[in-house]
Amino acid sequence: MYRLTLLMAALAAAFPAYADPDLDALRAELKEMKSSYEARIQSLEKRLQQAETEPANPPASATASPAAVVEPGPQQENASNRFNPDISLILQGRYAELDDIEHRHISGFFPAGHGDAATRGFSVDGTELILSASIDPYFRGQTILALVDEEVEIEEAWVQTTSLGHGVSLKGGRFRSSLGYQNEKHPHAWDFADGSLMYRALFGEGYGNDGLQLKWVAPTDLFMELGAEAGRGANFPGTDRNKNGAGSTVLFGHLGGDVGVSHSWRAGLSYLQTRASDRNSELDDLNDVAAETLFSGGSKTWIADFVWKWAPNGNATEQNFKFATEYFSRKEDGDLLCVDNTAGGGTCTGVTDRYKATQSGFYAQGVYQFMPRWRTGYRYDRLDSGSVDFGLNNASLPVTDYAPTRHSLMLDFSPSEFSRFRLQVSQDKSMQSVSENQWFVQYIHSLGSHGAHSF
Amino acid sequence: MKQFITAVLLWLPLSAYAALNVFACEPEWAALAREIGGDAVKVYTATTAMQDPHRIEARPSLIAQTRRAGLVVCTGAELEVGWLPLLLRESGNAAVQPGRSGYFEATRYVTLLDKPAIVDRSQGDVHAAGNPHIQTDPRNLARVGAALTQRLTEIDPAHAAAYQTRWKAFSARWEIAIARWQQQAAPLKGVPVAVQHKSFTYLINWLGLREVATLEPKPGVEPSVGYLAEVAARLKTSPAKMVLRAAYQSPRASEWLAQRAGIPAVALPFTVGGAPGADDLFDLFDVTLADLLKAAK
């Protein structure tokens, strides 16, 4: 107080031009300010003391009721918004420089649904809407919608248990099967602008199913996961068969762990068994005339996968490397009808006979982040047409020992975790006697909530 | 196969009665859990001080450890948003799901700073709840420790007394240490510093340092050389005494700037294990203060 008076006096002396009433007013104002601040400081000190002497108090009230734990701080957005699901929207588009090829296919393999179409020039090639949330303490749900012109495709829509415990979870609905490594990844999470030849030959893009999945994680230091799926089996290589029961079965197992602090790995083995009834595929016959074939029979696929990742000290921010490879072997056995196309100059005469095929293939890829935000990668695809026997239809349909291959090289730049630009060049020899150089420029942006990406 | 199943079955009940498995997202919570839990807990640390806790891969080994955990202790405030949800989901462990007593978020027990006024991705990697790097203020560790003790006694009542005793002993030592650190840090009051990322908001707030510049243009966004030059120019008018970064961060930006401004670049341990000698929580602050005092000279 003494000092304040001194200051006042000094002020008064320094500015003699100020009249006395002004000084009085100033003094009164200062006094008022001081007392009000003193009161505020006192109350703050009291609060601080309380907080420091009873640090356990707020947690005590928070842990007492689970609802309080779930509730974020009072400064959060309003309550009605908090129950909205996490929403993210993937915006993806590209420019592709491709040869003009009418019937894109992989020589020696039946076309597997969509995924073979390739748009030349500019296109928006994947708009995905992802919604996910906890449903209640027992379930969580997720849906992934692919938005294409004039249609919305439900890629995934499922619920999964969260409270069974013991490492067990049950998922039901439409979901991407957990077989293989790349299968569960949607195009925005791919390391290349297009899918591997292996997945294109096996499923078109990835194997999805309407059904159930039961999964168990072992309580071990080594990551060990076993799972089984039963589903409708309507997608390639199976078909919708209008029957009760399961149309397809998947079994899978994964192992994984770390080697030191810088290396981690995961290996898996999966098996898919399904049946097809009048599965419709178009092939070129021996006269190069389009022939319609209908296959009915069983299809069994084995997939082995291995992923290895490296990051110095386990810190992937600066530099990291990822290696992934998958191998498959598929056996199909049943009857094949080659619909009569003699009218168009074809060789098929409407004969149904036994069809047996064992085919295989693999891809191997490495992606290296050489500096923050920049990655480069190389992928090698190779398929083996294997042994194909059309029976009597060998007379009308081509059997080839051609091995489709492809080399892809990519460079991508990610300004942030939510945006990415990619340049890719591929030398595609998936069709016999065609060697095509493909160029892609691509963007992948994600809006909205921060989706966690799997290993 | 049969033998395998028998082995698993025989081994399951055993593991249930062993020490409580604690899965700590960051080393500071692992150290705190060890201080309170002692032999009653078995602590697994998911990350090291050399890893950026914002960017961790949901590795299979982490899923396996989450599966075994009886208690998951993490920072929260969206720090682990890119990987923890996946671990919890994939683990199939019901006890550690958010909202259950086996899920503990440290940031719920302290008042967060740097709460953004606008939550928009154009602002960079913002955390809507506030700055999550609370462990750089020892008073926050005391608050979290009290809450963690209570949580441990709830989950593992058999060892409740031991937890309380250990916590009391730790807390007493911790209060004394805080007083000592504050005394040591007296010369640091008002010292202007530049930081690479907003990693040290709580430390700066505790010691009364003055943050005059951030090297990242936006949280989580790498500074360009152009932007660094701007920061260097700004430091000419409001000079800093040092540039601070966390041990896991690349030294490039801070060393470039430090050289330009002729001030030391300091890599603080940031968490337990972030520097030689920073082996437990006490060492962490001893090393941090020693580094700061040395640079401020």
# chains A, B, ... in the order shown; residues from 1 in each chain; ligands from 1
call {"tool": "closest_atom_pairs", "arguments": {"of": "range 101-164 of chain B", "to": "range 409-424 of chain A", "cutoff": "10 Å", "atoms": "only C-alpha atoms", "output": "JSON lines"}}
result
{"residue": "B:Arg121", "atom": "CA", "partner": "A:Phe418", "partner_atom": "CA", "distance": 9.0}
{"residue": "B:Gly124", "atom": "CA", "partner": "A:Ser416", "partner_atom": "CA", "distance": 8.5}
{"residue": "B:Asp125", "atom": "CA", "partner": "A:Ser416", "partner_atom": "CA", "distance": 8.8}
call {"tool": "write_last_selection", "arguments": {"atoms": "N, CA and C atoms", "output": "compact mmCIF listing (two decimals), in the first residue's frame"}}
result
# COMPACT_ATOMS: atom_id res chain seq x y z
N ARG B 121 -9.40 -29.10 -39.22
CA ARG B 121 -8.15 -29.70 -39.68
C ARG B 121 -7.24 -28.69 -40.37
N GLY B 124 -4.20 -27.81 -38.53
CA GLY B 124 -3.19 -28.84 -38.28
C GLY B 124 -3.74 -29.94 -37.40
N ASP B 125 -2.84 -30.64 -36.72
CA ASP B 125 -3.20 -31.80 -35.92
C ASP B 125 -3.67 -31.34 -34.54
call {"tool": "closest_atom_pairs", "arguments": {"of": "chain B", "to": "chain A", "cutoff": "6 Å", "atoms": "only C-alpha atoms", "output": "Markdown table"}}
result
| residue | atom | partner | partner_atom | distance |
| --- | --- | --- | --- | --- |
| B:Gln51 | CA | A:Asn315 | CA | 4.5 |
| B:Ala58 | CA | A:Phe455 | CA | 5.5 |
| B:Arg59 | CA | A:Phe455 | CA | 5.6 |
| B:Pro60 | CA | A:Gly256 | CA | 5.2 |
| B:Ser61 | CA | A:Gly257 | CA | 4.6 |
| B:Ala64 | CA | A:Phe223 | CA | 4.8 |
| B:Arg68 | CA | A:Pro219 | CA | 5.5 |
| B:Gly82 | CA | A:Ala452 | CA | 4.4 |
| B:Trp83 | CA | A:Ala452 | CA | 5.5 |
| B:Ser91 | CA | A:Gly167 | CA | 5.9 |
| B:Gly92 | CA | A:Gly167 | CA | 3.9 |
| B:Asn93 | CA | A:Gly165 | CA | 4.7 |
| B:Ala94 | CA | A:Gly165 | CA | 4.4 |
| B:Gly99 | CA | A:Val70 | CA | 5.2 |
| B:Arg143 | CA | A:Pro55 | CA | 5.3 |
| B:Ala146 | CA | A:Ala56 | CA | 5.2 |
| B:Ala147 | CA | A:Pro59 | CA | 5.3 |
call {"tool": "select_by_dssp", "arguments": {"residues": "range 60-192 of chain B", "states": "helix (DSSP H, G or I)", "output": "ChimeraX atom specification"}}
result
/B:60-68,84-91,94-96,106-109,121-123,134-136,138-155,157-184,186-188
call {"tool": "atom_distance", "arguments": {"atom1": "CA of Thr47 in chain B", "atom2": "CA of Thr66 in chain B"}}
result
13.0 Å
call {"tool": "residues_around", "arguments": {"residues": "Ala112 in chain A", "least_positions_apart": "6", "cutoff": "6 Å", "atoms": "only C-alpha atoms", "output": "list in words"}}
result
Ala201, Phe203, Gly204 and Phe236 of chain A
call {"tool": "write_last_selection", "arguments": {"atoms": "N, CA and C atoms", "output": "short mmCIF file (atom, residue, chain, number, x, y, z; two decimals), in the first residue's frame"}}
result
data_model
loop_
_atom_site.label_atom_id
_atom_site.label_comp_id
_atom_site.auth_asym_id
_atom_site.auth_seq_id
_atom_site.Cartn_x
_atom_site.Cartn_y
_atom_site.Cartn_z
N ALA A 201 -7.56 -61.42 -59.75
CA ALA A 201 -7.91 -62.73 -60.29
C ALA A 201 -8.79 -63.51 -59.32
N PHE A 203 -10.80 -62.28 -56.58
CA PHE A 203 -12.08 -61.73 -56.11
C PHE A 203 -12.54 -60.48 -56.85
N GLY A 204 -11.79 -59.99 -57.80
CA GLY A 204 -12.11 -58.70 -58.39
C GLY A 204 -11.42 -57.59 -57.62
N PHE A 236 -17.96 -63.76 -56.20
CA PHE A 236 -16.97 -64.56 -56.89
C PHE A 236 -15.88 -65.02 -55.91
#
call {"tool": "residues_around", "arguments": {"residues": "Leu286 in chain A", "least_positions_apart": "6", "cutoff": "6 Å", "atoms": "only C-alpha atoms", "output": "VMD selection string"}}
result
chain A and resid 396 to 398
call {"tool": "residues_around", "arguments": {"residues": "Ser238 in chain B", "least_positions_apart": "5", "cutoff": "12 Å", "atoms": "only C-alpha atoms", "output": "ChimeraX atom specification"}}
result
/B:191-194,210-213,231-233,261
call {"tool": "write_last_selection", "arguments": {"atoms": "N, CA and C atoms", "output": "CSV table (one decimal), in the first residue's frame"}}
result
chain,number,residue,atom,x,y,z
B,191,VAL,N,12.5,-17.0,-18.5
B,191,VAL,CA,13.4,-17.3,-19.6
B,191,VAL,C,12.7,-17.6,-20.9
B,192,PRO,N,12.9,-16.8,-22.0
B,192,PRO,CA,12.2,-17.0,-23.2
B,192,PRO,C,12.7,-18.3,-24.0
B,193,VAL,N,11.8,-19.1,-24.4
B,193,VAL,CA,12.2,-20.3,-25.2
B,193,VAL,C,11.4,-20.4,-26.5
B,194,ALA,N,12.0,-21.1,-27.4
B,194,ALA,CA,11.3,-21.5,-28.7
B,194,ALA,C,11.1,-23.0,-28.6
B,210,ARG,N,9.0,-18.6,-20.7
B,210,ARG,CA,8.1,-17.9,-21.7
B,210,ARG,C,8.3,-18.5,-23.1
B,211,GLU,N,7.2,-19.0,-23.7
B,211,GLU,CA,7.3,-19.6,-25.0
B,211,GLU,C,7.1,-18.4,-26.0
B,212,VAL,N,8.2,-18.1,-26.7
B,212,VAL,CA,8.1,-17.0,-27.7
B,212,VAL,C,8.0,-17.4,-29.1
B,213,ALA,N,8.2,-18.7,-29.4
B,213,ALA,CA,8.0,-19.2,-30.8
B,213,ALA,C,7.8,-20.7,-30.8
B,231,VAL,N,10.6,-17.5,-38.5
B,231,VAL,CA,10.7,-17.7,-37.1
B,231,VAL,C,12.0,-17.0,-36.6
B,232,ALA,N,13.1,-17.3,-37.4
B,232,ALA,CA,14.4,-16.8,-37.0
B,232,ALA,C,14.3,-15.2,-37.0
B,233,ALA,N,13.6,-14.7,-38.0
B,233,ALA,CA,13.5,-13.2,-38.1
B,233,ALA,C,12.8,-12.7,-36.9
B,261,ALA,N,20.1,-18.5,-34.9
B,261,ALA,CA,19.9,-17.5,-33.8
B,261,ALA,C,21.1,-17.5,-32.8
call {"tool": "atom_distance", "arguments": {"atom1": "CA of Tyr163 in chain B", "atom2": "CA of Pro53 in chain B"}}
result
27.7 Å
